[in-house]
Each structure stands twice: as structure tokens, then as C-alpha cells.
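A.B. asks: The structure's right below; bear with me while I get my questions together.
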Amino acid sequence: MAGCMPLTAEQIQDVLRHFDGGSEYSIRARALFVVGINLGLRISELLSLNLGDAVSAEGEIEESVYIQRRHIKRKRTGRIIPVNFEARQALEDWIPVLNRWGGVLPSTPLFCSRSLRRLSRFEADKILRPAFAAAQVHGRRGTHVLRKTFARRVYYRGIQLLREGEYIEPMRLLKEALGHGRLETTERYTPEITRRVWSVIANLGEHGTK
């Protein structure tokens with residue numbers, strides 16, 4: 001969504017504090033937010049997940065989730081997404097609530113209403129907007145903020161790994177993490193980085209040729 005800005009580390013903490021109320025709905029909202037910024041899925045992909053995608057038959061949180069091809073933009077291919085520590089913790093808090101609501105079947109939507117109806121994109125947006133407002137998020141505050149925030153986190157983690165000596169291309173790392181087919185698409189997720197690159201190129205001549 002054009003106009004959505006990624007959250008800074010400080011804003012992420014402000015959003016999380018907004019979900020510290022302890023109610024079952026706060027736990028759901030927190031899980032939706034934390035899983036969103038750690039898996040980097042489009043909101044349609046995130047809301048397509050079922051309980052069985054995230055929890056094994058033994059009741060353990062899966063190490064990865066599979067997004068079916070039919071839920072992927074342009075339906076190119078399905079994707080396997082790792083579930084990291086932060087996302088696992090949020091799901092470990094949320095799943096017991098979902099179970100108390102009666103959501104115990106593998107086909108139960110992972111993110112749903114109290115009546116176990118799958119959340120719509122509009123409902124997810126309505127859940128997150130108050131937290132974004134409280135964190136003073138500027139620009140549009142839609143659900144795409146989650147994916148934009150994931151992109152920013154992955155990119156800067158790539159930069160950190162590069163500085164630590166790993167042979168890695170941060171933009172290509174981000175392209176794979178977002179599941180993009182073209183690098184040009186990925187570049188739209190990092191406008192501030194793209195502007196910096198253009199600035200460097202534009203000023204190369206000022207320092208002569210070495």
C-alpha cells in the first residue's frame with residue numbers, strides 16, 4: 001500500500017505496549033502484529049493461515065508455515081516461511097485463547113473472530129489502527145505497515161551481517177524474504193535506501209575519480 005511507512009524499533013515497542021492490556025482480544029491483536037512483522041506476509045496471506053498450518057498434531061508450534069499457491073499474489077508458487085522466536089512466543093500466548101474460544105480443528109482460521117469466523121482485511125486493519133495511532137505512526141496506517149516493517153528489519157539485519165564479514169547482498173536477501181520476482185519490486189519497500197543510493201551516485205563526480 002503506497003504511503004505506508006515501516007515502523008522504527010521505538011514505534012514497535014510503543015505498539016506492543018498498546019497490546020499489554022491482558023484481554024483475550026489484546027492477545028489476539030499482539031499475535032497478529034508480531035507474526036506480521038516477523039513473517040513478512042501480505043495481509044491476505046497472513047489471514048489465510050489456519051490453526052493446522054501453525055500448530056502440529058502434537059500441539060507444538062511449527063518451525064515454518066506453508067502459504068498455498070492460491071493465496072500468493074499472482075499465484076506463482078507456494079512459499080515456506082520460517083517462524084522465528086518472536087512469532088512463536090506470540091502464537092504460544094494466542095493459541096490457548098483460540099482453543100478456549102472453541103478453535104481446536106486444523107481448519108480453524110488462525111486469526112478469527114470470537115465466533116471463529118476468519119478475520120477480513122478490513123477487520124485486521126481495524127484491530128491494528130488504534131495501536132498505530134498510539135505509536136504516532138505517520139502516513140497511512142494500513143495493514144501493509146506489517147510487511148513494510150518486516151522489510152526494513154530484514155534489510156538492516158542484512159547490512160549488519162555484511163559488516164560482520166558475511167558475503168551477503170542485503171537487497172537480494174530482502175527480495176527472497178519478501179518472495180518478489182523482481183528486484184525492482186523490492187526496491188519500492190525501501191524508498192529511503194533508494195534515495196540514498198541516488199544521492200551517492202549523483203555526487204560521485206564531486207570527489208574526482210580514484
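Residues in the C-alpha cells are named by chain (A, B, ... in the order shown) and by number from 1 within that chain; ligands are numbered from 1 in the order shown.
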Need the shell around range 82-98 of chain A: protein/DNA/RNA residues with any atom at most 10 Å away, counting only C-alpha atoms. Skip same-chain ones fewer than 3 positions apart. Format as a PyMOL selection string?
C.D. replies: chain A and resi 23-39+51+54-55+59-66+79+101-104+108-114+116
A.B. asks: Show which residues sit within 6 Å of range 131-135 of chain A, as a PyMOL selection string. Count only C-alpha atoms, and ignore same-chain residues fewer than 5 positions away.
C.D. replies: chain A and resi 11+14-15+18
A.B. asks: The selected residues should be written to file as a JSON list (two decimals), in the first residue's frame (atoms: C-alpha atoms).
C.D. replies:
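For reference, again20.json as written:
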```
[["chain", "number", "residue", "atom", "x", "y", "z"],
["A", 11, "GLN", "CA", 7.45, 2.53, 17.39],
["A", 14, "ASP", "CA", 5.04, 1.57, 21.51],
["A", 15, "VAL", "CA", 2.65, -0.67, 19.56],
["A", 18, "HIS", "CA", -0.64, -0.77, 23.45]]
```
A.B. asks: From the DSSP assignment of the backbone, select every residue of range 53-185 of chain A that is strand (DSSP E or B), and format the answer as a PyMOL selection string.
C.D. replies: chain A and resi 55+61+64-67+79-82+109+112+118+140
A.B. asks: I'd like the neighbourhood of Leu41 in chain A as a list of chain:residue names, where a residue qualifies if any of its atoms comes within 8 Å (using only C-alpha atoms), though same-chain residues fewer than 3 positions away should be ignored.
C.D. replies: A:Gly36, A:Ser44, A:Glu45, A:Leu46, A:Arg147, A:Leu178
A.B. asks: Write to file, as a PDB file, in the first residue's frame, the residues of the selection just made, with N, CA and C atoms.
C.D. replies:
```
ATOM      1  N   GLY A  36       2.961 -10.726  11.989  1.00  0.00           N
ATOM      2  CA  GLY A  36       3.036  -9.934  10.768  1.00  0.00           C
ATOM      3  C   GLY A  36       4.399  -9.327  10.523  1.00  0.00           C
ATOM      4  N   SER A  44      -3.354 -10.712   3.124  1.00  0.00           N
ATOM      5  CA  SER A  44      -4.207 -11.798   2.623  1.00  0.00           C
ATOM      6  C   SER A  44      -3.574 -13.155   2.904  1.00  0.00           C
ATOM      7  N   GLU A  45      -2.248 -13.235   2.810  1.00  0.00           N
ATOM      8  CA  GLU A  45      -1.540 -14.484   3.100  1.00  0.00           C
ATOM      9  C   GLU A  45      -1.594 -14.798   4.593  1.00  0.00           C
ATOM     10  N   LEU A  46      -1.377 -13.764   5.407  1.00  0.00           N
ATOM     11  CA  LEU A  46      -1.398 -13.946   6.854  1.00  0.00           C
ATOM     12  C   LEU A  46      -2.763 -14.436   7.332  1.00  0.00           C
ATOM     13  N   ARG A 147       4.177  -5.647   6.711  1.00  0.00           N
ATOM     14  CA  ARG A 147       5.123  -6.140   5.712  1.00  0.00           C
ATOM     15  C   ARG A 147       6.244  -5.129   5.467  1.00  0.00           C
ATOM     16  N   LEU A 178      10.861 -11.447   0.879  1.00  0.00           N
ATOM     17  CA  LEU A 178       9.534 -10.948   0.526  1.00  0.00           C
ATOM     18  C   LEU A 178       8.859 -11.797  -0.553  1.00  0.00           C
TER      19      LEU A 178
END
```
A.B. asks: Of the candidates A:Leu183, A:Gln136, A:Asp53, A:Ser120, which one gets nearest to Leu105 in chain A if we count only C-alpha atoms?
C.D. replies: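 Looking at the shortest contact to Leu105 in chain A, the residue is A:Asp53.
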